[in-house]
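> Dropping in start-v5.pdb, which is PDB, C-alpha atoms:
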```
ATOM      1  CA  MET A   1      78.588  96.403  94.668
ATOM      2  CA  ASP A   2      80.576  97.577  91.722
ATOM      3  CA  ALA A   3      84.322  97.693  92.443
ATOM      4  CA  THR A   4      84.620 101.010  90.600
ATOM      5  CA  ARG A   5      82.098 102.635  92.930
ATOM      6  CA  GLN A   6      83.857 101.126  95.934
ATOM      7  CA  ASN A   7      87.206 102.555  94.780
ATOM      8  CA  LYS A   8      85.660 105.993  94.284
ATOM      9  CA  ILE A   9      84.303 105.909  97.814
ATOM     10  CA  ASP A  10      87.724 104.782  99.117
ATOM     11  CA  ARG A  11      89.413 107.749  97.447
ATOM     12  CA  LEU A  12      86.720 110.212  98.529
ATOM     13  CA  ILE A  13      86.948 109.204 102.183
ATOM     14  CA  GLN A  14      90.766 109.220 102.035
ATOM     15  CA  LYS A  15      90.847 112.749 100.597
ATOM     16  CA  VAL A  16      88.316 114.245 102.994
ATOM     17  CA  LEU A  17      89.787 112.515 106.052
ATOM     18  CA  GLY A  18      93.217 113.835 105.071
ATOM     19  CA  GLU A  19      91.814 117.356 105.031
ATOM     20  CA  ILE A  20      90.109 116.856 108.399
ATOM     21  CA  PHE A  21      93.290 115.520 110.019
ATOM     22  CA  GLN A  22      95.271 118.396 108.555
ATOM     23  CA  LEU A  23      92.881 120.950 110.069
ATOM     24  CA  LYS A  24      92.413 119.208 113.427
ATOM     25  CA  SER A  25      95.956 118.015 114.127
ATOM     26  CA  ARG A  26      96.956 121.053 116.171
ATOM     27  CA  SER A  27      93.878 121.245 118.346
ATOM     28  CA  LEU A  28      93.123 117.555 118.873
ATOM     29  CA  PHE A  29      96.364 115.690 118.294
ATOM     30  CA  ASP A  30      99.105 117.952 119.707
ATOM     31  CA  GLY A  31     100.440 118.983 116.297
ATOM     32  CA  ALA A  32     101.216 115.459 115.111
ATOM     33  CA  MET A  33     101.286 114.995 111.361
ATOM     34  CA  ILE A  34      98.707 112.408 110.328
ATOM     35  CA  THR A  35      98.572 111.039 106.798
ATOM     36  CA  VAL A  36      95.763 108.841 105.521
ATOM     37  CA  THR A  37      97.673 106.327 103.425
ATOM     38  CA  ARG A  38      94.831 104.011 102.445
ATOM     39  CA  VAL A  39      91.109 103.466 102.965
ATOM     40  CA  ASN A  40      89.325 100.175 102.287
ATOM     41  CA  VAL A  41      85.529 100.157 102.340
ATOM     42  CA  THR A  42      83.719  96.845 102.671
ATOM     43  CA  LYS A  43      81.421  95.717  99.847
ATOM     44  CA  ASP A  44      78.295  96.621 101.789
ATOM     45  CA  LEU A  45      79.758 100.084 102.618
ATOM     46  CA  SER A  46      79.185  99.579 106.333
ATOM     47  CA  LEU A  47      82.835  99.718 107.425
ATOM     48  CA  ALA A  48      85.813 101.765 106.284
ATOM     49  CA  ARG A  49      89.265 100.623 107.357
ATOM     50  CA  VAL A  50      91.485 103.695 107.547
ATOM     51  CA  TYR A  51      95.266 103.251 107.549
ATOM     52  CA  LEU A  52      97.259 106.130 109.036
ATOM     53  CA  SER A  53     100.924 107.100 109.006
ATOM     54  CA  LEU A  54     101.886 109.153 112.037
ATOM     55  CA  PHE A  55     104.788 111.582 112.152
ATOM     56  CA  ALA A  56     106.117 114.134 114.659
ATOM     57  CA  THR A  57     104.973 112.070 117.620
ATOM     58  CA  LYS A  58     106.883 110.025 120.161
ATOM     59  CA  ASP A  59     104.167 107.508 121.017
ATOM     60  CA  GLN A  60     102.239 106.336 117.965
ATOM     61  CA  GLN A  61     100.022 103.916 119.884
ATOM     62  CA  ALA A  62      98.870 106.665 122.252
ATOM     63  CA  LEU A  63      98.024 108.847 119.261
ATOM     64  CA  ILE A  64      95.975 106.042 117.680
ATOM     65  CA  VAL A  65      94.061 105.754 120.967
ATOM     66  CA  LYS A  66      93.426 109.522 120.868
ATOM     67  CA  ILE A  67      92.193 109.294 117.290
ATOM     68  CA  LYS A  68      89.857 106.432 118.178
ATOM     69  CA  ALA A  69      88.560 108.440 121.157
ATOM     70  CA  SER A  70      87.658 111.378 118.921
ATOM     71  CA  SER A  71      86.256 109.110 116.206
ATOM     72  CA  LYS A  72      82.683 110.387 116.609
ATOM     73  CA  GLU A  73      83.720 113.992 116.021
ATOM     74  CA  ILE A  74      85.816 113.014 112.988
ATOM     75  CA  LYS A  75      82.961 110.920 111.576
ATOM     76  CA  ARG A  76      80.514 113.797 112.073
ATOM     77  CA  GLU A  77      82.757 116.171 110.113
ATOM     78  CA  LEU A  78      83.330 113.586 107.415
ATOM     79  CA  ALA A  79      79.585 112.968 107.073
ATOM     80  CA  ALA A  80      78.934 116.702 106.763
ATOM     81  CA  LYS A  81      81.458 117.001 103.937
ATOM     82  CA  VAL A  82      80.389 113.935 101.933
ATOM     83  CA  LYS A  83      76.636 114.089 102.546
ATOM     84  CA  ASN A  84      75.915 114.735  98.861
ATOM     85  CA  GLN A  85      77.950 111.727  97.678
ATOM     86  CA  LEU A  86      76.995 109.074 100.260
ATOM     87  CA  ARG A  87      73.634 108.186 101.765
ATOM     88  CA  LEU A  88      75.026 106.153 104.640
ATOM     89  CA  MET A  89      78.269 106.918 106.417
ATOM     90  CA  PRO A  90      80.385 103.805 107.091
ATOM     91  CA  GLU A  91      81.831 103.142 110.513
ATOM     92  CA  LEU A  92      85.496 104.143 110.700
ATOM     93  CA  GLU A  93      88.118 101.722 111.971
ATOM     94  CA  TYR A  94      91.663 103.082 112.368
ATOM     95  CA  PHE A  95      94.902 101.162 111.899
ATOM     96  CA  LEU A  96      98.545 102.163 112.065
ATOM     97  CA  ASP A  97     100.189 101.837 108.648
ATOM     98  CA  ASP A  98     103.752 100.695 109.182
ATOM     99  CA  SER A  99     104.617 100.162 105.519
ATOM    100  CA  LEU A 100     106.995 103.144 105.528
ATOM    101  CA  ASP A 101     108.878 101.664 108.482
ATOM    102  CA  TYR A 102     109.037  98.342 106.653
ATOM    103  CA  ILE A 103     110.431  99.991 103.501
ATOM    104  CA  GLU A 104     112.995 101.906 105.561
ATOM    105  CA  ASN A 105     114.096  98.683 107.266
ATOM    106  CA  ILE A 106     114.492  96.913 103.895
ATOM    107  CA  ASP A 107     116.567  99.821 102.552
ATOM    108  CA  LYS A 108     118.790  99.700 105.620
ATOM    109  CA  LEU A 109     119.296  95.957 105.247
ATOM    110  CA  LEU A 110     120.132  96.290 101.554
ATOM    111  CA  LYS A 111     122.754  98.950 102.259
ATOM    112  CA  GLN A 112     124.553  96.700 104.759
TER
END
```
Represent the supplied structure as structure tokens.

Amino acid sequence: MDATRQNKIDRLIQKVLGEIFQLKSRSLFDGAMITVTRVNVTKDLSLARVYLSLFATKDQQALIVKIKASSKEIKRELAAKVKNQLRLMPELEYFLDDSLDYIENIDKLLKQ
């Protein structure tokens, strides 16, 4: 698989998932702000690893569990929006992206 095509699919899924989370955050996720920071699709396009930053929530792990529980609905919406660009919809696997917390911790340590 060409890496350029893989990167295009990464960006497409990231953009559309961001829109879906923006529209569904009030109804499904109690108004939490969910940002899709990165998407990595495997070479065979069977799996997409989605990294999320979660804001305006007290329990991030509980929110990830909620997102995983509504994964089928999210995947259905995603497939409907990208049906003209992709023949097969990859499985979605969600991960918590803690890079912002890491950067904040480094900044705090440097200021000390």
> Would you kindly translate the PyMOL selection byres ((chain A and resi 24-32) around 9) into the concrete residues it picks from this file, as JSON, numbers by chain?
{"A": [19, 20, 21, 22, 23, 33, 34, 54, 55, 56, 57, 63, 66, 67, 70]}
> Name the residues that the PyMOL selection byres ((chain A and resi 93) around 9) picks from the file above, as a list in words, using the file's chain letters and numbers.
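Written out, the selection comes to Leu47, Ala48, Arg49, Val50, Tyr51, Lys68, Ser71, Glu91, Leu92, Tyr94 and Phe95 of chain A.
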> Find the residues around Asp2 (chain A) up to 9 Å (all atoms listed in the file counted), leave out those fewer than 4 positions away in its own chain, and share them as a tab-separated table (two decimals) with C-alpha atoms, in the coordinates of the input.

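Contents of the output file out_19.tsv:
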```tsv
chain	number	residue	atom	x	y	z
A	6	GLN	CA	83.86	101.13	95.93
A	7	ASN	CA	87.21	102.56	94.78
A	43	LYS	CA	81.42	95.72	99.85
```
> Give me, please, the distance in Å between CA of Thr37 (chain A) and CA of Ser53 (chain A), quoted to one decimal.
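Between these atoms lies a distance of 6.5 Å.
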> Hey, what's within 10 Å of region 77-86 of chain A if we count only C-alpha atoms and toss same-chain stuff fewer than 3 positions away? As a PyMOL selection string, please?
chain A and resi 9+12-13+16-17+19-20+45+71-74+89-90
> So what do you get for CA of Asp44 (chain A) versus CA of Ile64 (chain A), distance-wise?
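Distance between the two atoms: 25.6 Å.
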> Which one of A:Ala3, A:Leu110, A:Val65, A:Val41 sits closest to Leu96 (chain A) if you count only C-alpha atoms?
A:Val65
> Tell me, in Å to one decimal, how far CA of Lys58 (chain A) is from CA of Tyr102 (chain A).
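It comes out at 18.0 Å.
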> Write out N, CA and C atoms for region 68-81 of chain A, as a PDB file, keeping the file's coordinate frame.

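Output contents, as saved in out.pdb:
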```
ATOM      1  N   LYS A  68      91.040 107.275 117.981  1.00  0.00           N
ATOM      2  CA  LYS A  68      89.857 106.432 118.178  1.00  0.00           C
ATOM      3  C   LYS A  68      88.893 107.064 119.169  1.00  0.00           C
ATOM      4  N   ALA A  69      89.426 107.780 120.173  1.00  0.00           N
ATOM      5  CA  ALA A  69      88.560 108.440 121.157  1.00  0.00           C
ATOM      6  C   ALA A  69      87.775 109.590 120.536  1.00  0.00           C
ATOM      7  N   SER A  70      88.357 110.266 119.568  1.00  0.00           N
ATOM      8  CA  SER A  70      87.658 111.378 118.921  1.00  0.00           C
ATOM      9  C   SER A  70      87.041 110.950 117.589  1.00  0.00           C
ATOM     10  N   SER A  71      86.789 109.660 117.445  1.00  0.00           N
ATOM     11  CA  SER A  71      86.256 109.110 116.206  1.00  0.00           C
ATOM     12  C   SER A  71      84.879 109.666 115.866  1.00  0.00           C
ATOM     13  N   LYS A  72      84.034 109.879 116.874  1.00  0.00           N
ATOM     14  CA  LYS A  72      82.683 110.387 116.609  1.00  0.00           C
ATOM     15  C   LYS A  72      82.719 111.787 116.014  1.00  0.00           C
ATOM     16  N   GLU A  73      83.594 112.632 116.544  1.00  0.00           N
ATOM     17  CA  GLU A  73      83.720 113.992 116.021  1.00  0.00           C
ATOM     18  C   GLU A  73      84.252 113.974 114.586  1.00  0.00           C
ATOM     19  N   ILE A  74      85.236 113.125 114.334  1.00  0.00           N
ATOM     20  CA  ILE A  74      85.816 113.014 112.988  1.00  0.00           C
ATOM     21  C   ILE A  74      84.762 112.494 112.017  1.00  0.00           C
ATOM     22  N   LYS A  75      83.998 111.482 112.433  1.00  0.00           N
ATOM     23  CA  LYS A  75      82.961 110.920 111.576  1.00  0.00           C
ATOM     24  C   LYS A  75      81.870 111.949 111.285  1.00  0.00           C
ATOM     25  N   ARG A  76      81.529 112.763 112.259  1.00  0.00           N
ATOM     26  CA  ARG A  76      80.514 113.797 112.073  1.00  0.00           C
ATOM     27  C   ARG A  76      80.968 114.809 111.015  1.00  0.00           C
ATOM     28  N   GLU A  77      82.225 115.232 111.105  1.00  0.00           N
ATOM     29  CA  GLU A  77      82.757 116.171 110.113  1.00  0.00           C
ATOM     30  C   GLU A  77      82.826 115.545 108.731  1.00  0.00           C
ATOM     31  N   LEU A  78      83.253 114.295 108.685  1.00  0.00           N
ATOM     32  CA  LEU A  78      83.330 113.586 107.415  1.00  0.00           C
ATOM     33  C   LEU A  78      81.941 113.466 106.784  1.00  0.00           C
ATOM     34  N   ALA A  79      80.951 113.113 107.580  1.00  0.00           N
ATOM     35  CA  ALA A  79      79.585 112.968 107.073  1.00  0.00           C
ATOM     36  C   ALA A  79      79.050 114.297 106.549  1.00  0.00           C
ATOM     37  N   ALA A  80      79.394 115.388 107.213  1.00  0.00           N
ATOM     38  CA  ALA A  80      78.934 116.702 106.763  1.00  0.00           C
ATOM     39  C   ALA A  80      79.542 117.071 105.414  1.00  0.00           C
ATOM     40  N   LYS A  81      80.780 116.639 105.186  1.00  0.00           N
ATOM     41  CA  LYS A  81      81.458 117.001 103.937  1.00  0.00           C
ATOM     42  C   LYS A  81      81.101 116.099 102.764  1.00  0.00           C
TER      43      LYS A  81
END
```
